Amino acid sequence: MDEKFNKPYDPSETEEKIYKKWEKSGYFAPEAHQPMAGNPKPFCIIMPPPNANGSLHLGHALMTTLEDIMIRYKRMRGFKTLWLPGADHAGFETQVVYEKKLEKEGRSRFQIPREKLWQEIWDFTQANKVVMEEQLKRLGASCDWSRKKFTLDKDIIEKTQDTFIQMHKEGLIYRGNRLVNWCVKHQTGLSELETKHEERTDALYYIKYGPITVATVRPETIFGDTAVAVNPKDKRYKDLIGKEIEVDVAVGKINLKVIADKVVDIEFGTGAVKVTPAHDQTDFEIWQRHKEEIEGPKEVINHLGRIDLKNYFPKNEVYEKLQGLKVLEARKVIVEELQKKGLIEKIDNDYKHDVSLCYKCSNILEPRLMSQWFVKMEPLAKPAIKAVEKGDIKFIPTRFKKVYFHWLKNIRDWNISRQIVWGIPIPAWFCLDEIAKKGLLPQKEIEPDQSLTHWRKWLDFSTKPVFIGRNPPKKCPGCGKNDLIQDPDVFDTWFSSGQWPFLTLGFEESESPSKSKIKSQKSKLSDYEQFYPTDVMETGWDILFFWVARMVMLGLYKTKKVPFKHVYLHGLVRDKDKQKMSKSKGNVIDPLGIVNEYGADALRMALIIGNTPGNDLAFSEEKVRGYRNFANKIWQASRFVLMNTPRTNLHEFNHKLTRIKLSAYDKKRLKEFESLKKSVTKEMDSFKFYIAGEKIYHYFWHTFADKIIEESKERLNGEDAKEKQSAQFILLEILTGSLKLLHPFMPFITEEIYQYLPGKIKKTLMVENW
RNA sequence: GGGUGCUUAGCUCAGUUGGUUAGAGCGUCGCAUUUACACUGCGAAGGUCAUAGGUUCGAAUCCUAUAGCACCCACCA
């Protein structure tokens with residue numbers, strides 16, 4: 001027996017060696033593994049690609065463990081398994097991370113030319129990717145590295161753009177002038193999902209608008225007012241509806257029409273609301289309903305969140321005070337000015353309401369009118385709802401179905417334009433001449449204090465793309481002589497990751513059902529043909545809308561098939577007091593630190609046991625320590641078995657046993673193990689890894705080690721040769737069987753011990769028969 | 001304002017379609033032992049299953065209401 005069994009189990013000297021052995025075996029790739037005879041069934045998981053902007057956290061470790069368990073289990077069951085790894089460029093997220101880095105260096109992204117910034121972030125993500133891959137390996141991920149994908153691989157970019165082009169052609173994508181959630185800090189618009197809401201207490205100002213008093217929390221937007229709205233049923237204002245009123249807004253006077261709209265709540269405030277279509281979502285919608293009657297949006301707050309009156313008011317004393325002020329400063333000033341004129345009727349300082357914030361920087365979002373690309377969601381949502389209703393996609397746990405339905409049934413169009421450089425370029429082209437005519441020619445050199453926003457400024461509401469496609473003609477197809485310029489915006493990162501399953505598997509447009517049939521008869525099947533739809537999408541519930549729902553919609557749209565059959569949603573990994581881990585709280589646990597100290601197997605068990613799908617997990621180092629102890633228990637029990645069994649193989653053993661009879665006790669023990677195996681298999685098949693793992697743990701420690709081994713001692717040392725042999729047989733048999741059951745959970749230690757077993761049949765435990 | 005969960009031992013959580021005495025891990029307490037393993041063994045204490053009703057021969061489990069907690073969604077200025 002090897003010397004090392006005399007010491008406690010040491011993961012650090014085992015794990016790296018074992019991972020190399022696996023990699024060398026080639027068994028991570030589906031085709032290398034030669035499972036049972038016949039036609040093996042495919043089993044495929046596409047790994048949610050981690051963001052290539054940092055290192056892995058415990059959430060990633062959980063994801064990796066869950067998926068690795070499924071993959072290893074299915075591999076041992078003889079399935080042709082593919083676990084496809086990848087990394088996500090994570091557009092906005094990464095740009096935010098990189099901007100923080102720039103800030104520390106005293107630089108700003110607004111002063112770096114696009115191409116250079118792109119290159120810098122590219123290098124940054126490439127470096128992170130290498131680190132992340134190493135981390136995944138340390139966790140034992142048995143994924144097929146030969147197939148790894150990055151969301152900015154050439155084919156992914158092109159196919160993502162093709163989807164856009166196709167959707168545009170079919171009217172599912174349109175360019176709209178709409179109010180977008182604009183983050184003043186990050187200088188980009190965001191989708192609904194990228195906003196968060198928070199309750200704030202602010203002042204509600206009652207301002208006299210001629211004969212009417214309106215209530216508002218944003219007096220600084222009054223310069224952009226184009227109407228006053230009341231409820232059609234409100235008797236108080238009945239006579240004023242349709243009339244124009246003169247309103248003093250301190251910088252000057254404006255005329256506003258009083259209109260009737262059903263959204264106005266009679267009970268709230270004075271029942272009259274100022275309408276500012278350029279800076280408020282509700283008001284924008286009111287304007288859309290009253291386009292004929294009232295003026296459109298007047299932008300009086302610019303992209304930097306500062307007051308800009310130059311288009312609407314003449315310069316005067318108040319103008320000078322306000323011009324260029326940030327929103328909150330402007331609010332104070334305008335209130336003062338209005339008070340001077342006696343136009344503030346009252347102020348309610350205790351008004352509680354929700355504000356929309358940037359989910360990254362928590363700054364208040366400024367709704368801003370912009371020309372952006374939108375995806376029409378309703379036609380995509382309907383099939384996505386149906387697929388789940390029909391049961392083509394099953395949720396684990398099932399309750400997320402309801403959440404999914406609710407979101408899809410109330411879905412809004414999706415803004416997929418982002419004003420950042422880090423992303424997939426939008427294949428839309430504009431005529432340079434048209435832009436030149438507006439005096440807005442894009443500048444290659446960026447002047448100080450002129451941002452990338454300036455760079456895209458020429459893209460105003462009236463500019464229409466003249467060509468949509470990947471390969472634009474040399475000259476504008478409209479005028480025939482001028483150059484084209486590409487849309488400076490990039491896609492929302494989820495637009496590409498929403499297509500991840502079929503993109504990574506190499507879906508080709510030409511793969512119509514009839515063609516692929518002919519093809520499959522002749523040549524090797526493509527990954528897409530073999531593995532799509534994939535079997536399980538395992539990810540966190542927090543990206544159910546961001547990602548899962550969009551994958552379903554885009555997958556159905558492009559391939560006419562669901563992208564996966566099961567959605568397994570795990571929860572958040574929290575600290576031992578159930579607090580969210582965050583850098584500011586200082587309670588972040590680095591998975592690699594845990595692996596270094598206790599081993600990957602112990603970490604994996606700590607993440608799996610007691611962790612039910614959809615629920616958050618309380619993670620503690622004590623828990624890991626417990627499973628580190630368990631690893632040693634396995635080690636020691638194996639040592640005992642190896643010490644007490646001859647170095648022959650199981651076949652020989654079996655052969656002998658045809659002549660010796662197993663004792664009744666041993667038969668009973670084997671039967672007991674068989675029933676454990678059955679029940680564990682059942683739990684594995686129903687995604688209850690937390691139960692499966694616990695059952696094996698409990699059996700191994702408290703039945704195999706505490707009872708079977710203890711009770712074997714006497715017989716092993718006794719005179720009765722048959723009893724001895726019978727005892728040896730079941731020890732080896734149950735140990736081998738247990739290692740198999742444990743392997744998906746604790747792959748390293750089980751593989752290491754397997755290599756010393758006399759009964760070893762396969763080259764690695766990884767491909768043993770379950 | 002709408003929705004989804006949760007409430008079971010000191011802590012973290014299981015508990016499948018309602019069916020004997022409600023389980024596990026960690027923790028606590030007692031005892032043992034140089035043993036394959038102290039990263040150990042044996043044993044013990046500890047729960048009126050949030051509360052109040054209801055259905056049932058039988059409820060932690062199903063129904064209703066209440067309370068507390070967590071989260072998600074939402075254009076009342």
# chains A, B, ... in the order shown; residues from 1 in each chain; ligands from 1
call {"tool": "interface_residues", "arguments": {"of": "chain A", "to": "chain B", "cutoff": "6 Å", "atoms": "only C-alpha atoms (C1' of nucleotides)", "output": "VMD selection string"}}
result
chain A and resid 216 273 281 to 282 610 629 636 to 637 639 to 640
call {"tool": "write_last_selection", "arguments": {"atoms": "C-alpha atoms", "output": "CSV table (one decimal), in the first residue's frame"}}
result
chain,number,residue,atom,x,y,z
A,216,THR,CA,-44.6,67.7,-8.8
A,273,VAL,CA,-50.3,67.1,-13.6
A,281,GLN,CA,-42.1,58.2,-19.0
A,282,THR,CA,-45.8,58.7,-18.1
A,610,GLY,CA,-28.4,21.4,2.3
A,629,ASN,CA,-13.2,15.6,7.6
A,636,GLN,CA,-9.0,6.3,6.1
A,637,ALA,CA,-11.7,3.8,5.4
A,639,ARG,CA,-6.8,2.7,3.7
A,640,PHE,CA,-8.4,0.1,6.0
call {"tool": "residues_around", "arguments": {"residues": "Glu674 of chain A", "least_positions_apart": "5", "cutoff": "10 Å", "atoms": "only C-alpha atoms (C1' of nucleotides)", "output": "VMD selection string"}}
result
chain A and resid 668 to 669 679 to 680 734 737
call {"tool": "write_last_selection", "arguments": {"atoms": "N, CA, C and O atoms", "output": "compact mmCIF listing (two decimals), in the first residue's frame"}}
result
# COMPACT_ATOMS: atom_id res chain seq x y z
N LYS A 668 -26.80 -9.50 3.26
CA LYS A 668 -27.70 -8.45 3.72
C LYS A 668 -27.08 -7.07 3.49
O LYS A 668 -27.74 -6.14 3.03
N ARG A 669 -25.80 -6.97 3.78
CA ARG A 669 -25.10 -5.70 3.60
C ARG A 669 -25.06 -5.29 2.12
O ARG A 669 -25.21 -4.11 1.79
N SER A 679 -31.78 4.28 -4.50
CA SER A 679 -32.42 5.51 -4.04
C SER A 679 -31.59 6.73 -4.43
O SER A 679 -32.13 7.78 -4.77
N VAL A 680 -30.27 6.59 -4.39
CA VAL A 680 -29.42 7.71 -4.83
C VAL A 680 -29.66 8.01 -6.30
O VAL A 680 -29.80 9.16 -6.71
N ILE A 734 -18.22 -2.83 -1.63
CA ILE A 734 -18.97 -1.64 -1.21
C ILE A 734 -18.12 -0.39 -1.30
O ILE A 734 -18.61 0.67 -1.68
N GLY A 737 -18.16 0.55 -4.95
CA GLY A 737 -19.48 1.10 -5.28
C GLY A 737 -19.69 2.48 -4.70
O GLY A 737 -20.23 3.37 -5.36
call {"tool": "residues_around", "arguments": {"residues": "His290 of chain A", "least_positions_apart": "3", "cutoff": "12 Å", "atoms": "only C-alpha atoms (C1' of nucleotides)", "output": "list in words"}}
result
Thr226, Ala227, Val228, Ala229, Gly242, Lys257, Val258, Ile259, Ala260, Asp261, Lys262, Val275, Pro277, Asp283, Phe284, Glu285, Ile286, Trp287, Glu293, Ile294, Glu295 and Gly296 of chain A
call {"tool": "write_last_selection", "arguments": {"atoms": "C-alpha atoms", "output": "PDB file, in the first residue's frame"}}
result
ATOM      1  CA  THR A 226     -45.817  71.069 -22.989  1.00  0.00           C
ATOM      2  CA  ALA A 227     -49.221  70.604 -21.357  1.00  0.00           C
ATOM      3  CA  VAL A 228     -51.204  70.227 -18.187  1.00  0.00           C
ATOM      4  CA  ALA A 229     -53.242  67.065 -17.861  1.00  0.00           C
ATOM      5  CA  GLY A 242     -58.885  72.259 -24.301  1.00  0.00           C
ATOM      6  CA  LYS A 257     -52.851  73.452 -23.235  1.00  0.00           C
ATOM      7  CA  VAL A 258     -54.992  71.681 -20.669  1.00  0.00           C
ATOM      8  CA  ILE A 259     -55.755  68.168 -21.815  1.00  0.00           C
ATOM      9  CA  ALA A 260     -57.759  65.285 -20.405  1.00  0.00           C
ATOM     10  CA  ASP A 261     -56.125  61.912 -19.904  1.00  0.00           C
ATOM     11  CA  LYS A 262     -57.318  58.904 -17.979  1.00  0.00           C
ATOM     12  CA  VAL A 275     -46.707  67.095 -18.734  1.00  0.00           C
ATOM     13  CA  PRO A 277     -42.713  64.413 -22.427  1.00  0.00           C
ATOM     14  CA  ASP A 283     -45.744  62.179 -19.685  1.00  0.00           C
ATOM     15  CA  PHE A 284     -44.146  60.840 -22.814  1.00  0.00           C
ATOM     16  CA  GLU A 285     -47.004  58.402 -23.140  1.00  0.00           C
ATOM     17  CA  ILE A 286     -49.550  61.113 -22.509  1.00  0.00           C
ATOM     18  CA  TRP A 287     -48.017  63.104 -25.339  1.00  0.00           C
ATOM     19  CA  GLU A 293     -53.119  68.715 -29.586  1.00  0.00           C
ATOM     20  CA  ILE A 294     -49.868  69.467 -27.833  1.00  0.00           C
ATOM     21  CA  GLU A 295     -46.219  70.123 -28.448  1.00  0.00           C
ATOM     22  CA  GLY A 296     -43.747  67.269 -28.390  1.00  0.00           C
TER      23      GLY A 296
END
call {"tool": "atom_distance", "arguments": {"atom1": "atom CA of Ala330 of chain A", "atom2": "atom CA of Thr188 of chain A"}}
result
22.4 Å
call {"tool": "residues_around", "arguments": {"residues": "Lys561 of chain A", "least_positions_apart": "2", "cutoff": "10 Å", "atoms": "only C-alpha atoms (C1' of nucleotides)", "output": "list in words"}}
result
Ala387, Asp392, Phe502, Tyr532, Pro533, Val552, Met553, Leu554, Gly555, Leu556, Tyr557, Lys558, Thr559, Pro563 and Phe564 of chain A
call {"tool": "residues_around", "arguments": {"residues": "Gly171 of chain A", "least_positions_apart": "3", "cutoff": "12 Å", "atoms": "only C-alpha atoms (C1' of nucleotides)", "output": "ChimeraX atom specification"}}
result
/A:164-168,174-175,373-377,379-380
call {"tool": "write_last_selection", "arguments": {"atoms": "N, CA, C and O atoms", "output": "CSV table (one decimal), in the first residue's frame"}}
result
chain,number,residue,atom,x,y,z
A,164,PHE,N,-30.0,39.9,-35.8
A,164,PHE,CA,-30.5,41.3,-35.8
A,164,PHE,C,-31.0,41.6,-37.2
A,164,PHE,O,-32.1,42.1,-37.3
A,165,ILE,N,-30.3,41.3,-38.2
A,165,ILE,CA,-30.6,41.6,-39.5
A,165,ILE,C,-32.0,40.9,-39.9
A,165,ILE,O,-32.9,41.5,-40.5
A,166,GLN,N,-32.0,39.7,-39.6
A,166,GLN,CA,-33.2,38.9,-39.9
A,166,GLN,C,-34.4,39.4,-39.1
A,166,GLN,O,-35.5,39.6,-39.7
A,167,MET,N,-34.2,39.7,-37.9
A,167,MET,CA,-35.4,40.2,-37.1
A,167,MET,C,-35.8,41.6,-37.6
A,167,MET,O,-37.0,41.9,-37.6
A,168,HIS,N,-34.9,42.4,-38.0
A,168,HIS,CA,-35.2,43.7,-38.6
A,168,HIS,C,-36.0,43.5,-39.8
A,168,HIS,O,-37.0,44.2,-40.0
A,174,TYR,N,-37.1,47.4,-34.4
A,174,TYR,CA,-37.4,48.7,-35.0
A,174,TYR,C,-36.5,49.7,-34.3
A,174,TYR,O,-36.0,49.5,-33.2
A,175,ARG,N,-36.4,50.8,-35.1
A,175,ARG,CA,-35.6,51.9,-34.5
A,175,ARG,C,-36.7,52.9,-34.0
A,175,ARG,O,-37.5,53.4,-34.7
A,373,TRP,N,-32.5,51.1,-30.8
A,373,TRP,CA,-33.1,49.9,-31.4
A,373,TRP,C,-33.9,49.1,-30.4
A,373,TRP,O,-33.4,48.9,-29.3
A,374,PHE,N,-35.1,48.7,-30.8
A,374,PHE,CA,-35.9,48.0,-29.8
A,374,PHE,C,-36.4,46.7,-30.5
A,374,PHE,O,-36.6,46.6,-31.7
A,375,VAL,N,-36.5,45.7,-29.6
A,375,VAL,CA,-37.0,44.4,-30.0
A,375,VAL,C,-38.5,44.3,-29.6
A,375,VAL,O,-38.9,44.6,-28.5
A,376,LYS,N,-39.3,44.0,-30.6
A,376,LYS,CA,-40.8,43.9,-30.3
A,376,LYS,C,-40.9,42.5,-29.6
A,376,LYS,O,-40.7,41.5,-30.1
A,377,MET,N,-41.4,42.6,-28.4
A,377,MET,CA,-41.3,41.4,-27.5
A,377,MET,C,-42.5,40.5,-27.6
A,377,MET,O,-42.4,39.3,-27.4
A,379,PRO,N,-44.5,39.2,-29.9
A,379,PRO,CA,-44.5,38.0,-30.8
A,379,PRO,C,-43.5,36.9,-30.4
A,379,PRO,O,-43.7,35.8,-30.7
A,380,LEU,N,-42.5,37.4,-29.7
A,380,LEU,CA,-41.5,36.4,-29.2
A,380,LEU,C,-41.9,35.7,-27.9
A,380,LEU,O,-41.6,34.6,-27.6
call {"tool": "atom_distance", "arguments": {"atom1": "atom CA of Cys183 of chain A", "atom2": "atom CA of Lys315 of chain A"}}
result
28.6 Å
call {"tool": "select_by_dssp", "arguments": {"residues": "segment 686-728 of chain A", "states": "helix (DSSP H, G or I)", "output": "ChimeraX atom specification"}}
result
/A:689-716,721-728
call {"tool": "atom_distance", "arguments": {"atom1": "atom CA of Gly305 of chain A", "atom2": "atom CA of Val184 of chain A"}}
result
6.0 Å
call {"tool": "closest_residue", "arguments": {"among": "B:G53, B:C71, B:U61, B:U66", "to": "G18 of chain B", "atoms": "only C-alpha atoms (C1' of nucleotides)"}}
result
B:U61
call {"tool": "residues_around", "arguments": {"residues": "Ser142 of chain A", "least_positions_apart": "4", "cutoff": "8 Å", "atoms": "only C-alpha atoms (C1' of nucleotides)", "output": "MDAnalysis selection string"}}
result
chainID A and resid 28 68 71:72 83 137
call {"tool": "residues_around", "arguments": {"residues": "Asp535 of chain A", "least_positions_apart": "6", "cutoff": "7 Å", "atoms": "only C-alpha atoms (C1' of nucleotides)", "output": "JSON, numbers by chain"}}
result
{"A": [43, 44, 45, 564, 565, 566]}
call {"tool": "write_last_selection", "arguments": {"atoms": "all heavy atoms", "output": "PDB file, in the first residue's frame"}}
result
ATOM      1  N   PHE A  43     -26.197  13.959 -23.802  1.00  0.00           N
ATOM      2  CA  PHE A  43     -26.584  14.790 -22.661  1.00  0.00           C
ATOM      3  C   PHE A  43     -25.710  16.028 -22.703  1.00  0.00           C
ATOM      4  O   PHE A  43     -24.490  15.922 -22.734  1.00  0.00           O
ATOM      5  CB  PHE A  43     -26.387  14.052 -21.340  1.00  0.00           C
ATOM      6  CG  PHE A  43     -26.811  14.866 -20.146  1.00  0.00           C
ATOM      7  CD1 PHE A  43     -28.144  14.909 -19.754  1.00  0.00           C
ATOM      8  CD2 PHE A  43     -25.879  15.608 -19.421  1.00  0.00           C
ATOM      9  CE1 PHE A  43     -28.544  15.679 -18.668  1.00  0.00           C
ATOM     10  CE2 PHE A  43     -26.272  16.382 -18.329  1.00  0.00           C
ATOM     11  CZ  PHE A  43     -27.610  16.405 -17.954  1.00  0.00           C
ATOM     12  N   CYS A  44     -26.367  17.180 -22.718  1.00  0.00           N
ATOM     13  CA  CYS A  44     -25.590  18.402 -22.930  1.00  0.00           C
ATOM     14  C   CYS A  44     -25.997  19.523 -21.989  1.00  0.00           C
ATOM     15  O   CYS A  44     -27.175  19.770 -21.755  1.00  0.00           O
ATOM     16  CB  CYS A  44     -25.767  18.858 -24.379  1.00  0.00           C
ATOM     17  SG  CYS A  44     -24.939  20.410 -24.751  1.00  0.00           S
ATOM     18  N   ILE A  45     -25.001  20.151 -21.443  1.00  0.00           N
ATOM     19  CA  ILE A  45     -25.202  21.381 -20.672  1.00  0.00           C
ATOM     20  C   ILE A  45     -24.287  22.448 -21.266  1.00  0.00           C
ATOM     21  O   ILE A  45     -23.106  22.201 -21.475  1.00  0.00           O
ATOM     22  CB  ILE A  45     -24.850  21.200 -19.183  1.00  0.00           C
ATOM     23  CG1 ILE A  45     -25.757  20.159 -18.524  1.00  0.00           C
ATOM     24  CG2 ILE A  45     -24.948  22.535 -18.436  1.00  0.00           C
ATOM     25  CD1 ILE A  45     -25.429  19.905 -17.059  1.00  0.00           C
ATOM     26  N   PHE A 564     -33.454  24.359 -24.353  1.00  0.00           N
ATOM     27  CA  PHE A 564     -33.127  23.381 -23.310  1.00  0.00           C
ATOM     28  C   PHE A 564     -34.412  22.801 -22.764  1.00  0.00           C
ATOM     29  O   PHE A 564     -35.479  23.402 -22.880  1.00  0.00           O
ATOM     30  CB  PHE A 564     -32.325  24.041 -22.173  1.00  0.00           C
ATOM     31  CG  PHE A 564     -32.654  25.496 -21.962  1.00  0.00           C
ATOM     32  CD1 PHE A 564     -33.846  25.872 -21.381  1.00  0.00           C
ATOM     33  CD2 PHE A 564     -31.785  26.498 -22.380  1.00  0.00           C
ATOM     34  CE1 PHE A 564     -34.176  27.208 -21.201  1.00  0.00           C
ATOM     35  CE2 PHE A 564     -32.106  27.850 -22.201  1.00  0.00           C
ATOM     36  CZ  PHE A 564     -33.303  28.203 -21.612  1.00  0.00           C
ATOM     37  N   LYS A 565     -34.289  21.607 -22.178  1.00  0.00           N
ATOM     38  CA  LYS A 565     -35.494  20.930 -21.695  1.00  0.00           C
ATOM     39  C   LYS A 565     -35.770  21.208 -20.219  1.00  0.00           C
ATOM     40  O   LYS A 565     -36.901  21.122 -19.761  1.00  0.00           O
ATOM     41  CB  LYS A 565     -35.357  19.424 -21.918  1.00  0.00           C
ATOM     42  CG  LYS A 565     -35.288  19.066 -23.392  1.00  0.00           C
ATOM     43  CD  LYS A 565     -34.873  17.608 -23.571  1.00  0.00           C
ATOM     44  CE  LYS A 565     -34.203  17.383 -24.911  1.00  0.00           C
ATOM     45  NZ  LYS A 565     -33.265  16.250 -24.868  1.00  0.00           N
ATOM     46  N   HIS A 566     -34.708  21.463 -19.483  1.00  0.00           N
ATOM     47  CA  HIS A 566     -34.885  21.749 -18.052  1.00  0.00           C
ATOM     48  C   HIS A 566     -34.156  23.033 -17.695  1.00  0.00           C
ATOM     49  O   HIS A 566     -33.083  23.301 -18.212  1.00  0.00           O
ATOM     50  CB  HIS A 566     -34.295  20.628 -17.193  1.00  0.00           C
ATOM     51  CG  HIS A 566     -34.919  19.296 -17.442  1.00  0.00           C
ATOM     52  ND1 HIS A 566     -36.053  18.872 -16.803  1.00  0.00           N
ATOM     53  CD2 HIS A 566     -34.575  18.307 -18.279  1.00  0.00           C
ATOM     54  CE1 HIS A 566     -36.381  17.669 -17.238  1.00  0.00           C
ATOM     55  NE2 HIS A 566     -35.493  17.300 -18.133  1.00  0.00           N
TER      56      HIS A 566
END
call {"tool": "closest_residue", "arguments": {"among": "A:Gln755, A:Asn615, A:Thr213, A:Gln111", "to": "Arg399 of chain A", "atoms": "only C-alpha atoms"}}
result
A:Asn615
call {"tool": "select_by_dssp", "arguments": {"residues": "segment 495-593 of chain A", "states": "strand (DSSP E or B)", "output": "mmCIF file with N, CA and C atoms, in the first residue's frame"}}
result
data_model
loop_
_atom_site.group_PDB
_atom_site.id
_atom_site.type_symbol
_atom_site.label_atom_id
_atom_site.label_comp_id
_atom_site.auth_asym_id
_atom_site.auth_seq_id
_atom_site.Cartn_x
_atom_site.Cartn_y
_atom_site.Cartn_z
ATOM 1 N N THR A 534 -30.540 21.379 -25.757
ATOM 2 C CA THR A 534 -29.707 20.863 -24.681
ATOM 3 C C THR A 534 -30.604 20.336 -23.565
ATOM 4 N N ASP A 535 -30.002 19.634 -22.631
ATOM 5 C CA ASP A 535 -30.811 18.985 -21.596
ATOM 6 C C ASP A 535 -31.127 19.884 -20.411
ATOM 7 N N VAL A 536 -30.104 20.549 -19.909
ATOM 8 C CA VAL A 536 -30.325 21.361 -18.709
ATOM 9 C C VAL A 536 -29.672 22.722 -18.866
ATOM 10 N N MET A 537 -30.395 23.742 -18.490
ATOM 11 C CA MET A 537 -29.799 25.058 -18.315
ATOM 12 C C MET A 537 -29.781 25.310 -16.827
ATOM 13 N N GLU A 538 -28.592 25.331 -16.278
ATOM 14 C CA GLU A 538 -28.451 25.506 -14.838
ATOM 15 C C GLU A 538 -27.870 26.888 -14.608
ATOM 16 N N THR A 539 -28.612 27.720 -13.882
ATOM 17 C CA THR A 539 -28.114 29.073 -13.629
ATOM 18 C C THR A 539 -28.818 29.661 -12.414
ATOM 19 N N GLY A 540 -28.469 30.886 -12.064
ATOM 20 C CA GLY A 540 -29.059 31.518 -10.881
ATOM 21 C C GLY A 540 -30.431 32.100 -11.189
ATOM 22 N N PHE A 564 -33.454 24.359 -24.353
ATOM 23 C CA PHE A 564 -33.127 23.381 -23.310
ATOM 24 C C PHE A 564 -34.412 22.801 -22.764
ATOM 25 N N LYS A 565 -34.289 21.607 -22.178
ATOM 26 C CA LYS A 565 -35.494 20.930 -21.695
ATOM 27 C C LYS A 565 -35.770 21.208 -20.219
ATOM 28 N N HIS A 566 -34.708 21.463 -19.483
ATOM 29 C CA HIS A 566 -34.885 21.749 -18.052
ATOM 30 C C HIS A 566 -34.156 23.033 -17.695
ATOM 31 N N VAL A 567 -34.771 23.778 -16.816
ATOM 32 C CA VAL A 567 -34.101 24.944 -16.251
ATOM 33 C C VAL A 567 -33.939 24.686 -14.768
ATOM 34 N N TYR A 568 -32.708 24.544 -14.338
ATOM 35 C CA TYR A 568 -32.432 24.352 -12.915
ATOM 36 C C TYR A 568 -31.919 25.675 -12.378
ATOM 37 N N LEU A 569 -32.642 26.229 -11.428
ATOM 38 C CA LEU A 569 -32.248 27.532 -10.903
ATOM 39 C C LEU A 569 -31.719 27.418 -9.479
ATOM 40 N N HIS A 570 -30.467 27.801 -9.314
ATOM 41 C CA HIS A 570 -29.902 27.784 -7.956
ATOM 42 C C HIS A 570 -30.020 29.164 -7.324
ATOM 43 N N VAL A 573 -25.376 32.380 -2.975
ATOM 44 C CA VAL A 573 -24.556 31.905 -1.866
ATOM 45 C C VAL A 573 -24.331 33.094 -0.930
ATOM 46 N N ARG A 574 -24.816 32.931 0.290
ATOM 47 C CA ARG A 574 -24.666 34.009 1.276
ATOM 48 C C ARG A 574 -23.715 33.575 2.370
ATOM 49 N N LYS A 580 -25.818 38.887 2.293
ATOM 50 C CA LYS A 580 -25.282 38.879 0.949
ATOM 51 C C LYS A 580 -23.788 39.186 1.024
#
call {"tool": "decode", "arguments": {"residues": "segment 4-15 of chain B", "atoms": "C-alpha atoms (C1' of nucleotides)", "output": "tab-separated table (two decimals), in the first residue's frame"}}
result
chain	number	residue	atom	x	y	z
B	4	U	C1'	-43.73	34.71	-5.06
B	5	G	C1'	-41.57	32.32	-1.19
B	6	C	C1'	-40.39	31.42	3.95
B	7	U	C1'	-41.69	30.58	9.43
B	8	U	C1'	-39.85	22.75	11.81
B	9	A	C1'	-34.04	21.26	17.46
B	10	G	C1'	-29.31	26.65	19.76
B	11	C	C1'	-27.77	27.52	14.10
B	12	U	C1'	-28.41	25.96	8.70
B	13	C	C1'	-31.99	23.20	6.53
B	14	A	C1'	-34.64	18.19	4.78
B	15	G	C1'	-39.43	16.18	5.26
